Amino acid sequence: MTIRNPVEWMWSQLNQTAQVAGGFGNAIYHPGDAVRARRLHVNRIGFSDLREALRRGWQDFISYRSDVLFVVLIYPIAGLVLSQLAVGRSMLHLIFPLASGFALLGPFAATGIYEVSRRCELGQQSSWFEAFKVFSSPAFGSVAMLGFVMTLFFLLWLLVAMVIYHFTLGPAYPSSIDQFLVDVFGTPAGWALILIGGGVGFVFALVVLMTASISFPLLIDRHAGIVAAVATSVRAFVINPGPMLAWGAIVACALVLGSVPLLVGLIVVMPVLGHATWHLYRRLTAP
């Protein structure tokens, strides 16, 4: 047994590695994605479905204390931002792009939350610790690949935001928080920054809302390929433009409110939205 157990353990690890590698392969090319995307059913929903998704998301949150997952994420980020502000002013103009960027990374960051809600529906053990089991899911390759794309999209948004600042209030960094606020809200260049930045940010948020609103839950739940998941998410938006735009507005407002107290509010906001997104996905795709 002293010889056999290590061998069995190594064989198990090799099998898991092969599954993850296969997941990445299927994420890049998944045969039948186009056919699968057409077959996935999408329901029409109303604004009452949004309220019900939020209600059930809150219930999941208080039942499984999934805020613990985000403590380890939000506090380091908040600490990084605060430390940079303490050292210098080079990040003042990026506070809003960074905070609003959570809307772009949110669908990926909440992946573990979807797993908790999924296991709850199946009557399986559900706790914040169970969220980490998503890493051993056959869908992890597709989830990681789409998450990588979302991360690149987030970095592109930061780059665009810096360019907009450069051609409006820049190129010099803000000298102080008070002066930065005066420049943003009290000068024509600041108004241009608000209008242009808000317009471009809306386009980025709309793209993510259309392509990723239910993509990650679908990948975890049905192990569909990325093309099928994204196509289904886009179809859900096209079929339900009003409710989905309202959902995007709810998410944006909640993230802004959660970001105001030095990002700490996101510890509650993000897991609640994650659970609610799972239930919204169910209402959109349930037979």
# chains A, B, ... in the order shown; residues from 1 in each chain; ligands from 1
$ residues_around --residues "Val238 (chain A)" --least-positions-apart "2" --cutoff "12 Å" --atoms "only C-alpha atoms" --output "list of chain:residue names"
A:Val42, A:Asn43, A:Arg44, A:Ile45, A:Leu209, A:Met210, A:Thr211, A:Ala231, A:Thr232, A:Ser233, A:Val234, A:Arg235, A:Ala236, A:Asn240, A:Pro241, A:Gly242, A:Pro243, A:Met244, A:Leu245
$ closest_atom_pairs --of "region 148-248 of chain A" --to "region 110-121 of chain A" --cutoff "12 Å" --atoms "only C-alpha atoms" --output "tab-separated table"
residue	atom	partner	partner_atom	distance
A:Ala212	CA	A:Thr111	CA	11.6
A:Ser213	CA	A:Ala110	CA	11.2
A:Ile214	CA	A:Tyr114	CA	10.3
A:Ser215	CA	A:Thr111	CA	10.3
A:Phe216	CA	A:Thr111	CA	6.7
A:Pro217	CA	A:Tyr114	CA	6.1
A:Leu218	CA	A:Tyr114	CA	9.6
A:Leu219	CA	A:Thr111	CA	9.9
A:Ile220	CA	A:Glu115	CA	7.3
A:Asp221	CA	A:Arg118	CA	7.5
A:Arg222	CA	A:Arg118	CA	11.1
$ atom_distance --atom1 "CA of Pro107 (chain A)" --atom2 "CA of Leu122 (chain A)"
21.8 Å
$ residues_around --residues "Phe204 (chain A)" --least-positions-apart "5" --cutoff "9 Å" --atoms "only C-alpha atoms" --output "list in words"
Leu104, Phe153, Phe154, Trp157, Gly199 and Leu209 of chain A
$ write_last_selection --atoms "N, CA, C and O atoms" --output "JSON list (two decimals), in the first residue's frame"
[["chain", "number", "residue", "atom", "x", "y", "z"],
["A", 104, "LEU", "N", -16.98, 45.08, -15.37],
["A", 104, "LEU", "CA", -16.46, 44.29, -16.47],
["A", 104, "LEU", "C", -15.93, 42.94, -16.00],
["A", 104, "LEU", "O", -16.07, 41.93, -16.69],
["A", 153, "PHE", "N", -10.16, 42.82, -21.64],
["A", 153, "PHE", "CA", -11.14, 43.87, -21.91],
["A", 153, "PHE", "C", -11.07, 44.94, -20.83],
["A", 153, "PHE", "O", -11.17, 46.14, -21.11],
["A", 154, "PHE", "N", -10.91, 44.50, -19.57],
["A", 154, "PHE", "CA", -10.78, 45.43, -18.46],
["A", 154, "PHE", "C", -9.51, 46.29, -18.60],
["A", 154, "PHE", "O", -9.55, 47.50, -18.40],
["A", 157, "TRP", "N", -10.03, 48.89, -21.19],
["A", 157, "TRP", "CA", -10.81, 50.00, -20.65],
["A", 157, "TRP", "C", -9.93, 50.96, -19.86],
["A", 157, "TRP", "O", -10.06, 52.19, -20.01],
["A", 199, "GLY", "N", -19.55, 58.01, -22.00],
["A", 199, "GLY", "CA", -20.04, 57.40, -23.23],
["A", 199, "GLY", "C", -19.26, 56.16, -23.60],
["A", 199, "GLY", "O", -19.84, 55.11, -23.93],
["A", 209, "LEU", "N", -22.33, 43.31, -20.83],
["A", 209, "LEU", "CA", -23.68, 42.91, -20.48],
["A", 209, "LEU", "C", -24.26, 41.95, -21.52],
["A", 209, "LEU", "O", -24.90, 40.95, -21.17]]
$ atom_distance --atom1 "CA of Val182 (chain A)" --atom2 "CA of Ser100 (chain A)"
20.8 Å
$ closest_residue --among "A:Ala205, A:Leu92, A:Gln59, A:His279" --to "Gln179 (chain A)" --atoms "only C-alpha atoms"
A:Leu92
$ atom_distance --atom1 "CA of Trp247 (chain A)" --atom2 "CA of Leu50 (chain A)"
6.9 Å
